[in-house]
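Novice: Mind looking over this structure? Questions follow.
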Amino acid sequence: MHEPLHIHRILGGGPFAEAGKPSALARDDARGLIAVGGSVGDLQWGGRALNSWYGYRVGVYGLDDLRCRQLVRTRWPVLDLALHPHLPLLAVGTGAYDGGYLYEGELLIVDLEDGTTTSVLEGHWEVRRVRWREDGRALELVVAPPDDDADDAPETHGFAPVLERDDWRRVAPRSISYKDLTGPRVRASRRPEGAKQAARETLAALADAHGATWSPRRQVWAVEALDDGRVLAALEGTKLESWSPSGESQWSVPDPDGARELHISPDRTSAWVNVARPSRWAHGVGWEEVPGLVERVSLADGSTLDTVDAGFPAALAAGLDGRLALRDTRLERQNTRMTLLAPDGTRSAGPALGCYDSLNMYFGVRRSPELLFLQGGKKEYWKDQWVVAVDPAKREGRRPETRRLFPLDWDGKRSRRLTGGPAVRLAGSDGTGGALVHAGEIHVDRGPKADPAFVACRRFPDGAPRWVFPVDHPVTALDSDGDTVFAALLSGEIVALDAADGTVRRRAQLSVGGVPTVALSLAATAPGQLVLGTVDGRILLGELPPPQ
């Protein structure tokens with residue numbers, strides 16, 4: 001049974017947070033509604049990629065209080081919106097170019113009373129414009145050509161059919177044929193010039209009229225809580241920000257791209273952040289991966305204390321003793337580089353672990369004494385992955401050593417492939433090595449399809465399985481308070497598992513004001529107490545309800 005998470009405080013919230021960065025608006029002052037189409041973005045960077053995710057959505061808000069009444073997720077970007085002149089209906093045009101040949105999308109009809117959403121076109125057509133005529137029977141569209149060969153200028157031109165129905169609330173799914181989408185050829189790009197800027201200005205003005213400030217926030221990739229009650233977060237557009245115990249913003253360090261990883265130093269006075277830069281297109285070369293920025297930031301005021309210029313885009317691993325490793329995340333390099341930082345700041349070259357793949361080899365391990373990584377096979381790097389530790393050099397002048405611990409797949413089945421994911425080390429007792437809890441996805445090459453994802457607890461350091469908990473959605477974040485393992489799923493669910501045997505203690509569906517959201521990051525602060533960073537840029541302080 002799912003119960004709501006008890007949320008005590010929201011940091012970084014504000015009006016229209018659910019919709020993300022706006023792309024289209026539809027407003028009806030008579031009914032007191034505004035619909036906002038937007039995006040919270042793709043969940044990927046050079047070190048990690050989460051599949052099965054569409055970040056596009058439509059939020060419907062009341063003009064009286066700016067509260068979100070309804071949230072609809074869409075498969076393609078939202079290009080246009082239109083509220084029906086008489087009925088409680090919203091038409092949504094979505095679509096995008098697939099990058100190679102096709103223009104795809106759909107026409108959605110959203111019922112604002114019963115909450116249903118119906119995709120009414122047969123096939124996938126990019127819908128660039130939607131407009132209701134005053135009679136409410138006719139819906140004017142502009143659809144893109146289906147592919148590059150269907151028109152000489154598919155990016156700037158489309159076709160303008162008019163659809164007529166007596167009752168749009170009764171239109172069946174996929175019932176409008178491609179034959180109904182014929183119409184005159186018109187000039188129509190995907191979005192008119194300045195439309196996105198106009199949407200931003202409208203939302204800012206509405207927020208200001210209600211005594212609030214609108215500033216789009218997205219993707220809180222890492223959160224941490226300090227012993228004094230402060231909360232730290234790394235997110236899109238921000239290297240690091242600090243919130244006081246009472247919930248006020250203390251300082252924020254802006255960045256065009258923002259940090260994706262955050263590791264606090266053992267003395268709790270500074271933190272390492274990893275700013276990932278997007279790939280760039282170089283003429284004659286193609287897409288190039290850009291080195292990121294790894295900085296040590298003061299937790300007193302956000303000032304920069306140290307910078308590491310590794311020369312390559314990196315994913316971080318940190319040890320409880322203050323050691324830090326920067327692993328090269330470039331796919332094409334067979335012997336990717338690594339830079340190690342000792343607790344005193346000394347730099348050295350680390351071992352080459354082979355090719356890195358953001359879909360398969362991300363391994364973000366919290367609370368670990370060791371520097372842990374995934375290392376792929378020599379022939380097929382995405383298969384036969386092992387959990388390995390990089391240990392300090394035994395003698396001065398020697399390179400650090402790689403210690404193979406155990407296979408990522410505890411069953412060793414050749415017909416399936418496991419991916420990496422978030423992980424957390426559990427401390428041992430009576431001199432034992434404790435355990436490693438890790439999550440990932442399962443891809444089956446042949447035979448019956450298995451559960452798509454998992455959380456597994458492995459004895460450390462030999463990897464013997466203690467328990468495995470199957471889940472039906474990818475795990476975005478993991479942490480533990482020592483007694484309970486907390487897993488955030490891409491579905492928005494939070495699951496609490498007994499660390500000893502993997503049994504379910506509690507389950508909760510994450511929502512804010514009754515509107516669902518998804519946790520991208522998670523930190524356990526006290527028994528049952530959580531800090532969660534969401535895909536829509538908010539930070540939630542809450543707790544799971546006690547078991548019944």
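Scheme for the structure tokens: letters A, B, ... for chains in order shown; per-chain residue numbers from 1; ligand numbers from 1 in order shown.
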Enumerate the residues of region 162-202 of chain A with a DSSP assignment of helix (DSSP H, G or I), computed from the backbone, and present them as a list in words.
Specialist: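 Helix (DSSP H, G or I) assignments inside region 162-202 of chain A correspond to Trp168, Arg169, Arg170, Tyr178, Lys179, Asp180, Leu181, Ala195, Lys196, Gln197, Ala198, Ala199, Arg200, Glu201 and Thr202 of chain A.
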Novice: Find the nearest atom pair between each residue of region 382-475 of chain A and region 499-514 of chain A for residues within 8 Å, count only C-alpha atoms, give distances in Å to one decimal, sort rows by chain and ascending number, and present the table as CSV.
Specialist:
```
residue,atom,partner,partner_atom,distance
A:Cys457,CA,A:Gly502,CA,7.9
A:Arg466,CA,A:Asp501,CA,7.1
A:Trp467,CA,A:Gly502,CA,5.8
A:Val468,CA,A:Gly502,CA,6.9
A:Phe469,CA,A:Gly502,CA,6.4
```
Novice: For the residues in the current selection, export N, CA and C atoms as an mmCIF file, in the first residue's frame.
Specialist:
```cif
data_model
loop_
_atom_site.group_PDB
_atom_site.id
_atom_site.type_symbol
_atom_site.label_atom_id
_atom_site.label_comp_id
_atom_site.auth_asym_id
_atom_site.auth_seq_id
_atom_site.Cartn_x
_atom_site.Cartn_y
_atom_site.Cartn_z
ATOM 1 N N CYS A 457 21.682 -6.433 -2.136
ATOM 2 C CA CYS A 457 22.618 -6.285 -1.028
ATOM 3 C C CYS A 457 23.656 -7.393 -1.131
ATOM 4 N N ARG A 466 23.085 -11.189 -0.229
ATOM 5 C CA ARG A 466 22.303 -11.326 1.007
ATOM 6 C C ARG A 466 20.818 -11.265 0.709
ATOM 7 N N TRP A 467 20.426 -10.346 -0.148
ATOM 8 C CA TRP A 467 19.035 -10.267 -0.583
ATOM 9 C C TRP A 467 18.963 -9.465 -1.873
ATOM 10 N N VAL A 468 17.904 -9.705 -2.629
ATOM 11 C CA VAL A 468 17.649 -8.978 -3.876
ATOM 12 C C VAL A 468 16.182 -8.568 -3.870
ATOM 13 N N PHE A 469 15.949 -7.283 -4.132
ATOM 14 C CA PHE A 469 14.585 -6.764 -4.173
ATOM 15 C C PHE A 469 14.294 -6.275 -5.587
#
```
Novice: Tell me, in Å to one decimal, how far CA of Thr213 (chain A) is from CA of Gly38 (chain A).
Specialist: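 Value for the CA of Thr213 (chain A)-CA of Gly38 (chain A) distance: 17.9 Å.
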Novice: One number please: CA of Glu140 (chain A) to CA of Leu83 (chain A), in Å, one decimal.
Specialist: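 One can read the CA of Glu140 (chain A) to CA of Leu83 (chain A) distance as 12.6 Å.
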Novice: Using only C-alpha atoms, which protein or nucleic acid residues come within 12 Å of Arg296 (chain A)? Drop anything in the same chain fewer than 3 positions from it, and give the result as a PDB file with N, CA, C and O atoms, in the first residue's frame.
Specialist:
```
ATOM      1  N   LYS A 239      26.246  25.380  -9.173  1.00  0.00           N
ATOM      2  CA  LYS A 239      27.301  24.489  -8.680  1.00  0.00           C
ATOM      3  C   LYS A 239      26.927  23.929  -7.316  1.00  0.00           C
ATOM      4  O   LYS A 239      27.014  22.721  -7.073  1.00  0.00           O
ATOM      5  N   LEU A 240      26.537  24.828  -6.416  1.00  0.00           N
ATOM      6  CA  LEU A 240      26.203  24.414  -5.061  1.00  0.00           C
ATOM      7  C   LEU A 240      25.401  25.534  -4.407  1.00  0.00           C
ATOM      8  O   LEU A 240      25.645  26.710  -4.657  1.00  0.00           O
ATOM      9  N   ALA A 259      26.208  21.554 -11.283  1.00  0.00           N
ATOM     10  CA  ALA A 259      26.927  20.355 -10.846  1.00  0.00           C
ATOM     11  C   ALA A 259      26.007  19.138 -10.848  1.00  0.00           C
ATOM     12  O   ALA A 259      24.788  19.249 -10.686  1.00  0.00           O
ATOM     13  N   GLU A 261      27.417  16.086  -9.220  1.00  0.00           N
ATOM     14  CA  GLU A 261      27.859  15.270  -8.093  1.00  0.00           C
ATOM     15  C   GLU A 261      28.362  16.174  -6.978  1.00  0.00           C
ATOM     16  O   GLU A 261      28.875  17.275  -7.232  1.00  0.00           O
ATOM     17  N   LEU A 262      28.258  15.663  -5.754  1.00  0.00           N
ATOM     18  CA  LEU A 262      28.606  16.434  -4.559  1.00  0.00           C
ATOM     19  C   LEU A 262      29.165  15.483  -3.512  1.00  0.00           C
ATOM     20  O   LEU A 262      28.539  14.468  -3.195  1.00  0.00           O
ATOM     21  N   HIS A 263      30.353  15.804  -2.999  1.00  0.00           N
ATOM     22  CA  HIS A 263      30.971  14.995  -1.948  1.00  0.00           C
ATOM     23  C   HIS A 263      31.526  15.924  -0.871  1.00  0.00           C
ATOM     24  O   HIS A 263      32.367  16.787  -1.152  1.00  0.00           O
ATOM     25  N   ILE A 264      31.072  15.741   0.358  1.00  0.00           N
ATOM     26  CA  ILE A 264      31.491  16.597   1.471  1.00  0.00           C
ATOM     27  C   ILE A 264      32.788  16.061   2.071  1.00  0.00           C
ATOM     28  O   ILE A 264      32.971  14.846   2.227  1.00  0.00           O
ATOM     29  N   SER A 265      33.687  16.978   2.408  1.00  0.00           N
ATOM     30  CA  SER A 265      34.965  16.594   3.002  1.00  0.00           C
ATOM     31  C   SER A 265      34.753  16.028   4.406  1.00  0.00           C
ATOM     32  O   SER A 265      33.738  16.321   5.057  1.00  0.00           O
ATOM     33  N   ARG A 268      33.786  18.412   7.120  1.00  0.00           N
ATOM     34  CA  ARG A 268      32.482  19.055   6.914  1.00  0.00           C
ATOM     35  C   ARG A 268      32.575  20.568   6.717  1.00  0.00           C
ATOM     36  O   ARG A 268      31.615  21.288   6.964  1.00  0.00           O
ATOM     37  N   THR A 269      33.725  21.046   6.259  1.00  0.00           N
ATOM     38  CA  THR A 269      33.877  22.484   6.018  1.00  0.00           C
ATOM     39  C   THR A 269      33.905  22.827   4.535  1.00  0.00           C
ATOM     40  O   THR A 269      33.824  24.006   4.176  1.00  0.00           O
ATOM     41  N   SER A 270      34.030  21.825   3.672  1.00  0.00           N
ATOM     42  CA  SER A 270      34.074  22.070   2.231  1.00  0.00           C
ATOM     43  C   SER A 270      33.454  20.876   1.514  1.00  0.00           C
ATOM     44  O   SER A 270      33.185  19.830   2.118  1.00  0.00           O
ATOM     45  N   ALA A 271      33.239  21.049   0.223  1.00  0.00           N
ATOM     46  CA  ALA A 271      32.648  19.970  -0.582  1.00  0.00           C
ATOM     47  C   ALA A 271      33.216  20.033  -1.990  1.00  0.00           C
ATOM     48  O   ALA A 271      33.473  21.115  -2.537  1.00  0.00           O
ATOM     49  N   TRP A 272      33.421  18.855  -2.574  1.00  0.00           N
ATOM     50  CA  TRP A 272      33.808  18.754  -3.976  1.00  0.00           C
ATOM     51  C   TRP A 272      32.545  18.678  -4.831  1.00  0.00           C
ATOM     52  O   TRP A 272      31.613  17.934  -4.504  1.00  0.00           O
ATOM     53  N   VAL A 273      32.514  19.453  -5.910  1.00  0.00           N
ATOM     54  CA  VAL A 273      31.400  19.398  -6.849  1.00  0.00           C
ATOM     55  C   VAL A 273      31.937  19.097  -8.240  1.00  0.00           C
ATOM     56  O   VAL A 273      33.056  19.497  -8.596  1.00  0.00           O
ATOM     57  N   ASN A 274      31.138  18.385  -9.010  1.00  0.00           N
ATOM     58  CA  ASN A 274      31.502  18.007 -10.372  1.00  0.00           C
ATOM     59  C   ASN A 274      30.530  18.661 -11.338  1.00  0.00           C
ATOM     60  O   ASN A 274      29.357  18.291 -11.398  1.00  0.00           O
ATOM     61  N   VAL A 275      31.020  19.660 -12.071  1.00  0.00           N
ATOM     62  CA  VAL A 275      30.201  20.364 -13.062  1.00  0.00           C
ATOM     63  C   VAL A 275      30.416  19.699 -14.418  1.00  0.00           C
ATOM     64  O   VAL A 275      31.533  19.677 -14.935  1.00  0.00           O
ATOM     65  N   LEU A 293      34.319  20.574 -14.819  1.00  0.00           N
ATOM     66  CA  LEU A 293      34.959  21.405 -13.811  1.00  0.00           C
ATOM     67  C   LEU A 293      34.748  20.752 -12.456  1.00  0.00           C
ATOM     68  O   LEU A 293      33.622  20.540 -12.027  1.00  0.00           O
ATOM     69  N   LEU A 299      31.988  25.631   2.492  1.00  0.00           N
ATOM     70  CA  LEU A 299      30.607  25.555   2.952  1.00  0.00           C
ATOM     71  C   LEU A 299      30.216  26.767   3.796  1.00  0.00           C
ATOM     72  O   LEU A 299      29.053  26.903   4.182  1.00  0.00           O
ATOM     73  N   GLY A 302      30.518  29.542  -0.033  1.00  0.00           N
ATOM     74  CA  GLY A 302      30.453  29.146  -1.432  1.00  0.00           C
ATOM     75  C   GLY A 302      31.655  29.523  -2.264  1.00  0.00           C
ATOM     76  O   GLY A 302      31.650  29.322  -3.488  1.00  0.00           O
ATOM     77  N   SER A 303      32.682  30.063  -1.648  1.00  0.00           N
ATOM     78  CA  SER A 303      33.869  30.451  -2.409  1.00  0.00           C
ATOM     79  C   SER A 303      34.649  29.217  -2.849  1.00  0.00           C
ATOM     80  O   SER A 303      34.594  28.156  -2.233  1.00  0.00           O
ATOM     81  N   THR A 304      35.408  29.371  -3.935  1.00  0.00           N
ATOM     82  CA  THR A 304      36.194  28.273  -4.480  1.00  0.00           C
ATOM     83  C   THR A 304      37.517  28.155  -3.738  1.00  0.00           C
ATOM     84  O   THR A 304      38.268  29.133  -3.633  1.00  0.00           O
ATOM     85  N   LEU A 305      37.812  26.973  -3.232  1.00  0.00           N
ATOM     86  CA  LEU A 305      39.049  26.722  -2.489  1.00  0.00           C
ATOM     87  C   LEU A 305      40.097  25.996  -3.320  1.00  0.00           C
ATOM     88  O   LEU A 305      41.292  26.141  -3.080  1.00  0.00           O
ATOM     89  N   ASP A 306      39.641  25.206  -4.293  1.00  0.00           N
ATOM     90  CA  ASP A 306      40.577  24.414  -5.088  1.00  0.00           C
ATOM     91  C   ASP A 306      39.874  24.022  -6.379  1.00  0.00           C
ATOM     92  O   ASP A 306      38.644  23.885  -6.418  1.00  0.00           O
ATOM     93  N   THR A 307      40.666  23.847  -7.434  1.00  0.00           N
ATOM     94  CA  THR A 307      40.139  23.431  -8.730  1.00  0.00           C
ATOM     95  C   THR A 307      41.032  22.351  -9.302  1.00  0.00           C
ATOM     96  O   THR A 307      42.266  22.454  -9.230  1.00  0.00           O
ATOM     97  N   VAL A 308      40.432  21.322  -9.852  1.00  0.00           N
ATOM     98  CA  VAL A 308      41.173  20.236 -10.498  1.00  0.00           C
ATOM     99  C   VAL A 308      40.946  20.316 -11.996  1.00  0.00           C
ATOM    100  O   VAL A 308      39.796  20.230 -12.458  1.00  0.00           O
ATOM    101  N   ASP A 309      41.990  20.485 -12.759  1.00  0.00           N
ATOM    102  CA  ASP A 309      41.920  20.485 -14.216  1.00  0.00           C
ATOM    103  C   ASP A 309      42.389  19.119 -14.702  1.00  0.00           C
ATOM    104  O   ASP A 309      43.560  18.908 -14.982  1.00  0.00           O
ATOM    105  N   GLY A 322      38.468  11.041   2.730  1.00  0.00           N
ATOM    106  CA  GLY A 322      38.758  12.257   1.987  1.00  0.00           C
ATOM    107  C   GLY A 322      39.415  12.035   0.645  1.00  0.00           C
ATOM    108  O   GLY A 322      39.647  12.993  -0.101  1.00  0.00           O
ATOM    109  N   LEU A 324      39.661  11.209  -3.286  1.00  0.00           N
ATOM    110  CA  LEU A 324      38.756  11.499  -4.388  1.00  0.00           C
ATOM    111  C   LEU A 324      39.363  10.963  -5.676  1.00  0.00           C
ATOM    112  O   LEU A 324      40.576  11.044  -5.879  1.00  0.00           O
ATOM    113  N   LEU A 341      43.101  12.181  -5.911  1.00  0.00           N
ATOM    114  CA  LEU A 341      43.457  13.231  -4.963  1.00  0.00           C
ATOM    115  C   LEU A 341      43.532  12.616  -3.576  1.00  0.00           C
ATOM    116  O   LEU A 341      42.566  12.001  -3.099  1.00  0.00           O
ATOM    117  N   GLY A 345      45.427  16.716  -0.668  1.00  0.00           N
ATOM    118  CA  GLY A 345      45.356  17.433  -1.926  1.00  0.00           C
ATOM    119  C   GLY A 345      46.358  17.003  -2.969  1.00  0.00           C
ATOM    120  O   GLY A 345      46.334  17.510  -4.097  1.00  0.00           O
TER     121      GLY A 345
END
```
Novice: Give me the residues within 10 Å of Tyr97 (chain A) as a ChimeraX atom specification, counting only C-alpha atoms and dropping any in the same chain fewer than 4 places off.
Specialist: /A:76,101-105,126,144,146-148,154-155,190
Novice: For the selection you just gave me, I'd like the residues written to a file as a short mmCIF file (atom, residue, chain, number, x, y, z; two decimals), in the first residue's frame, keeping all heavy atoms.
Specialist:
```
data_model
loop_
_atom_site.label_atom_id
_atom_site.label_comp_id
_atom_site.auth_asym_id
_atom_site.auth_seq_id
_atom_site.Cartn_x
_atom_site.Cartn_y
_atom_site.Cartn_z
N TRP A 76 6.62 13.85 -26.17
CA TRP A 76 7.38 14.79 -26.98
C TRP A 76 7.25 16.20 -26.41
O TRP A 76 6.33 16.48 -25.63
CB TRP A 76 6.88 14.76 -28.42
CG TRP A 76 7.27 13.54 -29.18
CD1 TRP A 76 8.47 13.28 -29.79
CD2 TRP A 76 6.45 12.38 -29.43
NE1 TRP A 76 8.45 12.04 -30.39
CE2 TRP A 76 7.22 11.46 -30.18
CE3 TRP A 76 5.15 12.02 -29.09
CZ2 TRP A 76 6.74 10.24 -30.61
CZ3 TRP A 76 4.66 10.79 -29.50
CH2 TRP A 76 5.44 9.91 -30.25
N TYR A 101 15.24 11.64 -39.69
CA TYR A 101 14.33 11.54 -40.82
C TYR A 101 12.89 11.93 -40.48
O TYR A 101 12.23 12.63 -41.23
CB TYR A 101 14.36 10.09 -41.34
CG TYR A 101 13.54 9.88 -42.61
CD1 TYR A 101 13.86 10.55 -43.78
CD2 TYR A 101 12.47 9.00 -42.61
CE1 TYR A 101 13.12 10.34 -44.95
CE2 TYR A 101 11.73 8.78 -43.76
CZ TYR A 101 12.06 9.46 -44.93
OH TYR A 101 11.33 9.27 -46.07
N LEU A 102 12.38 11.51 -39.32
CA LEU A 102 10.96 11.61 -39.02
C LEU A 102 10.64 12.83 -38.16
O LEU A 102 11.44 13.25 -37.32
CB LEU A 102 10.48 10.36 -38.29
CG LEU A 102 10.59 9.03 -39.04
CD1 LEU A 102 10.19 7.88 -38.11
CD2 LEU A 102 9.72 9.04 -40.28
N TYR A 103 9.41 13.37 -38.37
CA TYR A 103 8.82 14.38 -37.49
C TYR A 103 7.68 13.69 -36.75
O TYR A 103 6.68 13.30 -37.34
CB TYR A 103 8.30 15.57 -38.31
CG TYR A 103 9.41 16.36 -38.94
CD1 TYR A 103 9.97 15.97 -40.16
CD2 TYR A 103 9.93 17.49 -38.31
CE1 TYR A 103 11.01 16.69 -40.73
CE2 TYR A 103 10.97 18.21 -38.88
CZ TYR A 103 11.50 17.80 -40.09
OH TYR A 103 12.54 18.52 -40.64
N GLU A 104 7.86 13.53 -35.44
CA GLU A 104 6.91 12.74 -34.66
C GLU A 104 6.29 13.57 -33.54
O GLU A 104 6.87 14.54 -33.07
CB GLU A 104 7.62 11.52 -34.04
CG GLU A 104 8.19 10.56 -35.06
CD GLU A 104 8.92 9.41 -34.38
OE1 GLU A 104 9.90 9.68 -33.68
OE2 GLU A 104 8.49 8.25 -34.56
N GLY A 105 5.13 13.16 -33.10
CA GLY A 105 4.44 13.83 -32.02
C GLY A 105 3.03 13.29 -31.88
O GLY A 105 2.70 12.22 -32.40
N GLU A 126 3.82 15.24 -35.72
CA GLU A 126 4.19 16.44 -34.99
C GLU A 126 3.11 17.51 -35.19
O GLU A 126 2.81 17.90 -36.32
CB GLU A 126 5.55 16.97 -35.47
CG GLU A 126 5.97 18.24 -34.75
CD GLU A 126 7.29 18.77 -35.26
OE1 GLU A 126 8.30 18.05 -35.15
OE2 GLU A 126 7.30 19.91 -35.77
N ALA A 144 3.33 18.98 -38.98
CA ALA A 144 4.56 18.95 -39.76
C ALA A 144 4.48 17.87 -40.82
O ALA A 144 3.71 16.91 -40.70
CB ALA A 144 5.75 18.68 -38.84
N PRO A 146 5.46 14.43 -42.46
CA PRO A 146 5.84 13.24 -41.69
C PRO A 146 7.33 12.94 -41.69
O PRO A 146 7.84 12.34 -40.74
CB PRO A 146 5.05 12.11 -42.36
CG PRO A 146 4.77 12.62 -43.74
CD PRO A 146 4.60 14.09 -43.61
N ASP A 147 8.04 13.38 -42.75
CA ASP A 147 9.47 13.07 -42.83
C ASP A 147 10.16 14.06 -43.74
O ASP A 147 9.54 14.95 -44.34
CB ASP A 147 9.70 11.62 -43.29
CG ASP A 147 8.97 11.32 -44.60
OD1 ASP A 147 9.18 12.05 -45.58
OD2 ASP A 147 8.17 10.36 -44.62
N ASP A 148 11.47 13.91 -43.88
CA ASP A 148 12.26 14.85 -44.68
C ASP A 148 11.91 14.82 -46.16
O ASP A 148 12.12 15.82 -46.88
CB ASP A 148 13.75 14.53 -44.51
CG ASP A 148 14.30 14.99 -43.18
OD1 ASP A 148 13.74 15.95 -42.62
OD2 ASP A 148 15.29 14.40 -42.70
N PRO A 154 10.68 21.09 -44.51
CA PRO A 154 9.86 20.55 -43.41
C PRO A 154 10.04 21.28 -42.08
O PRO A 154 9.15 21.23 -41.24
CB PRO A 154 10.33 19.09 -43.32
CG PRO A 154 11.72 19.10 -43.89
CD PRO A 154 11.69 20.12 -44.97
N GLU A 155 11.17 21.97 -41.90
CA GLU A 155 11.38 22.67 -40.63
C GLU A 155 10.57 23.96 -40.55
O GLU A 155 10.26 24.42 -39.45
CB GLU A 155 12.87 23.00 -40.46
CG GLU A 155 13.71 21.81 -40.03
CD GLU A 155 13.45 21.41 -38.58
OE1 GLU A 155 13.14 22.29 -37.77
OE2 GLU A 155 13.58 20.22 -38.28
N ARG A 190 8.52 25.32 -35.82
CA ARG A 190 8.12 24.59 -34.62
C ARG A 190 7.62 25.53 -33.53
O ARG A 190 6.65 25.26 -32.86
CB ARG A 190 9.29 23.74 -34.13
CG ARG A 190 8.92 22.76 -33.02
CD ARG A 190 9.97 21.68 -32.86
NE ARG A 190 9.94 20.76 -33.98
CZ ARG A 190 10.93 20.60 -34.85
NH1 ARG A 190 12.03 21.33 -34.73
NH2 ARG A 190 10.84 19.74 -35.84
#
```
Novice: Please list as a list in words every residue within 6 Å of Pro77 (chain A), counting only C-alpha atoms and excluding residues in the same chain fewer than 6 positions away.
Specialist: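 Residues meeting the cut-off are Tyr56, Thr94 and Gly95 of chain A.
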Novice: Residues as selected, N, CA and C atoms, written as a PDB file, in the first residue's frame, can you do that?
Specialist:
```
ATOM      1  N   TYR A  56       8.841  16.040 -20.490  1.00  0.00           N
ATOM      2  CA  TYR A  56       7.916  17.059 -20.973  1.00  0.00           C
ATOM      3  C   TYR A  56       6.598  16.944 -20.215  1.00  0.00           C
ATOM      4  N   THR A  94       2.137  18.343 -29.575  1.00  0.00           N
ATOM      5  CA  THR A  94       3.510  17.998 -29.201  1.00  0.00           C
ATOM      6  C   THR A  94       4.257  17.479 -30.418  1.00  0.00           C
ATOM      7  N   GLY A  95       5.587  17.469 -30.336  1.00  0.00           N
ATOM      8  CA  GLY A  95       6.358  16.875 -31.408  1.00  0.00           C
ATOM      9  C   GLY A  95       7.807  17.312 -31.417  1.00  0.00           C
TER      10      GLY A  95
END
```
